[in-house]
Structures are given as C-alpha cells and as structure tokens.
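Reviewing the structure listed below.
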Amino acid sequence: MKNNRANWIIASLVLSVMSMASAVAANDVDLAKLDVKSLVAKMTPLKGTTPAQWRVIWTEDASREATISWSTAELGKKHVVYYGTKSGGKEGKPALSQECQSNGIYTITQPKITPAYYHHARIKGLKPNTRYYFVLESDGERSREFYFRTAPAEGTDFTLIHGGDSRSGHANRCRMNLRIAEQANSDSKVIAFAHGGDYIVTGSKWEQWRLWLSQHELTTQEDGRVLPIIPTKGNHDGGKIYFEVFDLEEKTKRWHTTMLGKDVALVTLDTNSPAGGPQEEWLEAELKRLRPAVRWLLVQYHRPMYPAVKGPARHAPIFCPLFDKYNVDIALESDGHCMKRTVPIRNGKKDPTGIIYVGEGGLGVGQRKTHADRWYLKDGGKSGSAHHVMRLDFNPDELRVRFILMDGSAWDDHTIKARDL
C-alpha cells in the first residue's frame, strides 16, 4: 500500500505541472522497464477549462451513436464537441457540433479535495464504419483533434480488446494502456476496448478516479485515434463516480447491451447487483431477443462464474443456465487477477457445445497464483499469471481469442467456431 500511495503522490505532483506531449508507442520501448514519471508527462493537466481526460463511450448502438466525454477543473459555461467525417485541419474544427447534454460535478466525499467537472455529449445519427474526427471545447479552450471509428452496420471483420482490473499498480496500468494503444496502432481492425471493471481501489474516491482518467489518455494513439470504451462495473467501483465517468443512469443502466453492428452483441452485466429479479428478467429477455439474430453473442461482467483463483460468483446459478439456454459464445470475466481459459462448459460439465469462460484481469493489478487443478482448467483449459489484455478477432465462421502480454507476445491463442444456429 505504501508503494501504491507513493506512486500516486509522485504521479499527481508531476501531473499538475507537466503539459501533454505525444504518446509513447508500445513498440518503441520495453514497457516493463518504462518509468511511470515519463508516462505521466504525456497527460493533460486538469486545469481551468482545458478539456482533459477524454473518452468515447459505447453502451448501445456502436454503429450510429457515441458519447464523447471529458473533464475540466472549472465548471465553465459552455461545453461543445465539434465532429465530422472530415478533419478540421490543424487550426480548424470539424463541421458539426453538439453541446453537452450533461454537465456536473463529480461526487467528491473527501474534504479538501479540489473539485472537478464532467461533460457528456451524446451524439446520434452517425454513419456506420466511418471515421469521425472531433475537437473538445470548454469556454473557448480547445483540445487537439481526435478521431474514432464507428462499428460496421453488419459483418464481423473487426477486433475488440478486453481487459479488467486496473485498480492498482499505477506504473503497470500505464504500461498496459500503452499496450492497448499499440494493439490498435498495429491493426486498424481494432475498434473498441471493453473494460471488465475495478478501475480503481475505492470507487468513492475522486483522486483515484482522477488518476485513472488521466492515465486512460495513454490509450490514445499518436495520430489522435481514440478507442471507444465499453464499461463494466467492478466490486471496487462503488459510489456514484463510476456512473458520472461513463454517463450511465445509476438506477437503470447497471446492465446494457452494446451492438457492434447487427451481427455482434456484447451484453454487460453487473455482479454487484442481485442476479435474480430485475437483472435476471432483463437478461433472459435480452438473450432471447439476440439469439439467433446475431452471429456472435458475448457477455461481460466482473466476478467470474468459473474462477481460477476465488470461489464462483453467487450469480452463477442464475446466469450460467441462461448462458447455456441461449448459446452464448464466450464469457469475458475479471476480478481474479490472473489468466484463464476454461474448457467449453454446458450444464456444469465439459461439453464441446458449451461456453468458454476467459479472464480474469491483468491491466495493472498484481497477479495471483491460479488453482490449475480445477477441472475446467485441465484437459484443454489453461491458466497462468501475467499482465495482459485479451484480443478478440471476429469473422463470420470463427472467433480468435488471444491473451497478449505486456511485451506483445501471445500467452494463448484459441479459436472458437461459430455455432450452427
């Protein structure tokens, strides 16, 4: 804990005085040896109405909608995003604009903590599979130009990055953010990053979220490309700030489905809320709606159903039968601080028609030793411990799943065949 606190103090002090520089590419350096101070220097100071801590958020139709968000140190009066399919040029701005529909102060419960403010611009009517440039502006203070790509309207020729548990180990969290950026930089098919939860240690503490949000800037590529984030709530993400960061309604958006075109659906669940009742009812209705309409059906949540370290989530008796009933293709899990890929599982047994569960979080947090003798990790399953992200490459007939380590190597490379539905 002392080391983590020291890292936070150093990073915060440097963050307050350094200006943003160009990103460090993961393939240019040995990430394991990269010093956190040099990474902090790449972040935007949270000062005045300068737009900082930018992110693009997907929780619904990723082909036609996106929320573009940022933070400022002062409330300001007018916050607008300029966007369009053509670059605004070095001194200009894209042609379209949207004022933020939601502006407010992050919920800060600690005394003597400097306030900060969130701004969310919800943009609709976008074109599928299209690059959108955008510039953030708060009271005349502008960001540099960024861009992201919308999901295709149909088809499966793209890649999704998934990872969880970035809550501690700030230096390694920065390094893994650069690994995420490099995955996108090396392959234009990467369109988004799904986070499995546990962004920070204590969800009610703004100073921890402040550091995470600033460090998230490191996932931005040198040319300004931003990977949209698809959020999941972890057990450490309690409090209101999670919902304020990702523009989610606390009472109604604890679970949601992100459509990556009409052929791929990512259903996000909340293992902090009861499995039964409203969540169970919603999940069954949603899976029934999506199957067999979509080619690939994925679920993501924080606490694992088939864990490699801990005991199973209390949600397993409700979630897993529904996953089986509606033939989910893969379950993306976090929380365990390890790597694992199970054998295909149906009705609690190994079955070639079953679901593969992968995880369990390596975006900076210290890794744990796995229980490799559990039946679902043997005879075709696998487990280990290392910082990692998962890379999911879609095509019509196969889903290729790879665990990419900090050095860029692959720990596991597995292919799932499309179901004959």
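Just remember, in the structure tokens the first chain shown is A, the second B, etc., residues are 1-based per chain, and ligands are 1-based in the order shown.
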
For this session: Using DSSP on the backbone, list every residue of stretch 220-338 of chain A that comes out as strand (DSSP E or B), and give them as a ChimeraX atom specification.
Result: /A:225,229-230,256-259,264-268,296-300,330-332

Using C-alpha atoms, can you write the selected residues to a file as a tab-separated table (two decimals), in the first residue's frame?
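Dumped everything to again_19.tsv:
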chain	number	residue	atom	x	y	z
A	225	ARG	CA	-7.15	7.88	-32.58
A	229	ILE	CA	-14.60	2.15	-24.09
A	230	ILE	CA	-17.41	-0.27	-23.19
A	256	HIS	CA	-26.77	-2.87	-21.00
A	257	THR	CA	-26.16	-4.29	-24.47
A	258	THR	CA	-23.69	-2.78	-26.91
A	259	MET	CA	-24.48	-3.69	-30.50
A	264	VAL	CA	-22.17	-8.95	-32.82
A	265	ALA	CA	-23.69	-8.19	-29.41
A	266	LEU	CA	-21.85	-7.60	-26.13
A	267	VAL	CA	-24.16	-7.96	-23.12
A	268	THR	CA	-22.77	-6.26	-20.00
A	296	TRP	CA	-21.69	-13.69	-32.17
A	297	LEU	CA	-23.18	-13.29	-28.68
A	298	LEU	CA	-20.81	-12.26	-25.88
A	299	VAL	CA	-21.33	-11.47	-22.21
A	300	GLN	CA	-19.07	-9.47	-19.91
A	330	ILE	CA	-17.95	-16.60	-24.85
A	331	ALA	CA	-18.00	-15.07	-21.36
A	332	LEU	CA	-15.48	-12.31	-20.52

Exercise. Out of stretch 194-315 of chain A, which residues get alpha helix (DSSP H) from DSSP, as a VMD selection string?
Worked result: chain A and resid 206 to 216 241 to 245 278 to 290

Could you save the residues just selected, with C-alpha atoms, as an mmCIF file, in the first residue's frame?
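The file below, part-v1.cif, is the result:
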data_model
loop_
_atom_site.group_PDB
_atom_site.id
_atom_site.type_symbol
_atom_site.label_atom_id
_atom_site.label_comp_id
_atom_site.auth_asym_id
_atom_site.auth_seq_id
_atom_site.Cartn_x
_atom_site.Cartn_y
_atom_site.Cartn_z
ATOM 1 C CA TRP A 206 -12.154 11.074 -6.741
ATOM 2 C CA GLU A 207 -8.355 11.318 -6.510
ATOM 3 C CA GLN A 208 -8.147 7.673 -7.619
ATOM 4 C CA TRP A 209 -10.574 8.192 -10.500
ATOM 5 C CA ARG A 210 -8.711 11.374 -11.444
ATOM 6 C CA LEU A 211 -5.503 9.439 -11.876
ATOM 7 C CA TRP A 212 -7.195 6.602 -13.772
ATOM 8 C CA LEU A 213 -8.894 9.025 -16.164
ATOM 9 C CA SER A 214 -5.678 10.897 -16.874
ATOM 10 C CA GLN A 215 -3.755 7.668 -17.388
ATOM 11 C CA HIS A 216 -6.501 6.469 -19.742
ATOM 12 C CA ILE A 241 -18.411 8.411 -9.719
ATOM 13 C CA TYR A 242 -18.463 5.292 -11.956
ATOM 14 C CA PHE A 243 -21.838 6.399 -13.336
ATOM 15 C CA GLU A 244 -20.654 10.002 -13.703
ATOM 16 C CA VAL A 245 -17.496 8.954 -15.572
ATOM 17 C CA PRO A 278 -34.870 -7.323 -12.493
ATOM 18 C CA GLN A 279 -31.419 -8.365 -13.764
ATOM 19 C CA GLU A 280 -32.480 -11.965 -14.409
ATOM 20 C CA GLU A 281 -35.659 -10.834 -16.160
ATOM 21 C CA TRP A 282 -33.753 -8.374 -18.317
ATOM 22 C CA LEU A 283 -31.018 -10.898 -19.148
ATOM 23 C CA GLU A 284 -33.420 -13.616 -20.295
ATOM 24 C CA ALA A 285 -35.407 -11.192 -22.426
ATOM 25 C CA GLU A 286 -32.237 -9.746 -23.927
ATOM 26 C CA LEU A 287 -30.645 -13.105 -24.745
ATOM 27 C CA LYS A 288 -33.917 -14.321 -26.239
ATOM 28 C CA ARG A 289 -34.055 -11.196 -28.411
ATOM 29 C CA LEU A 290 -30.480 -11.616 -29.584
#

Problem set entry | Among the residues A:Asp407, A:Glu145, A:Glu182, A:Glu65, the one that comes closest to A:Pro94 [using only C-alpha atoms] | A:Glu145

Problem set entry | Among the residues A:Arg368, A:His387, A:His236, A:Arg122, the one that comes closest to A:Arg173 [using only C-alpha atoms] |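 For A:Arg173, the nearest of the given residues is A:His387.
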
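Each of A:Ala153, A:Leu160, A:Val40, A:Ala181 was compared to A:Phe394 using only C-alpha atoms, and A:Leu160 turns out to be the nearest.
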
Problem set entry | Within 10 Å of A:Ile105 using only C-alpha atoms, minus same-chain residues under 2 positions, as a list in words |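 Non-adjacent residues within range: Ser71, Thr72, Ala73, Glu74, Leu75, Asn103, Thr107, Ile108, Pro115, Ala116, Tyr117, Tyr118, His119, Ile241 and Glu244 of chain A.
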
What would the file look like if the residues just selected were written as a short mmCIF file (atom, residue, chain, number, x, y, z; two decimals), in the first residue's frame with N, CA and C atoms?
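After the write, again_23.cif holds the following:
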data_model
loop_
_atom_site.label_atom_id
_atom_site.label_comp_id
_atom_site.auth_asym_id
_atom_site.auth_seq_id
_atom_site.Cartn_x
_atom_site.Cartn_y
_atom_site.Cartn_z
N SER A 71 -13.28 15.99 -18.90
CA SER A 71 -13.31 16.64 -17.59
C SER A 71 -12.66 18.01 -17.69
N THR A 72 -13.09 18.90 -16.78
CA THR A 72 -12.41 20.19 -16.59
C THR A 72 -12.27 20.45 -15.09
N ALA A 73 -11.32 21.29 -14.75
CA ALA A 73 -11.12 21.65 -13.34
C ALA A 73 -12.10 22.72 -12.88
N GLU A 74 -12.60 23.52 -13.82
CA GLU A 74 -13.59 24.54 -13.51
C GLU A 74 -14.89 24.20 -14.22
N LEU A 75 -16.00 24.65 -13.64
CA LEU A 75 -17.32 24.30 -14.19
C LEU A 75 -17.50 24.81 -15.61
N ASN A 103 -23.71 18.08 -17.76
CA ASN A 103 -22.54 18.69 -17.14
C ASN A 103 -22.76 18.68 -15.63
N THR A 107 -18.89 13.49 -7.82
CA THR A 107 -19.25 13.35 -6.42
C THR A 107 -18.00 13.09 -5.59
N ILE A 108 -17.58 14.09 -4.85
CA ILE A 108 -16.36 14.00 -4.04
C ILE A 108 -16.75 14.05 -2.58
N PRO A 115 -12.38 20.14 -6.52
CA PRO A 115 -13.47 19.60 -7.35
C PRO A 115 -13.06 19.50 -8.82
N ALA A 116 -13.83 18.72 -9.55
CA ALA A 116 -13.67 18.59 -11.00
C ALA A 116 -15.05 18.33 -11.59
N TYR A 117 -15.17 18.52 -12.91
CA TYR A 117 -16.47 18.51 -13.55
C TYR A 117 -16.46 17.62 -14.79
N TYR A 118 -17.58 16.91 -14.98
CA TYR A 118 -17.72 16.05 -16.15
C TYR A 118 -18.61 16.72 -17.19
N HIS A 119 -18.38 16.33 -18.45
CA HIS A 119 -19.14 16.86 -19.58
C HIS A 119 -19.39 15.72 -20.56
N ILE A 241 -19.33 7.88 -8.71
CA ILE A 241 -18.41 8.41 -9.72
C ILE A 241 -18.37 7.52 -10.96
N GLU A 244 -20.96 8.66 -13.19
CA GLU A 244 -20.65 10.00 -13.70
C GLU A 244 -19.55 9.96 -14.75
#

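Our summary of the geometry notes that atom CA of A:His170 is positioned 16.8 Å from atom CA of A:Leu405.
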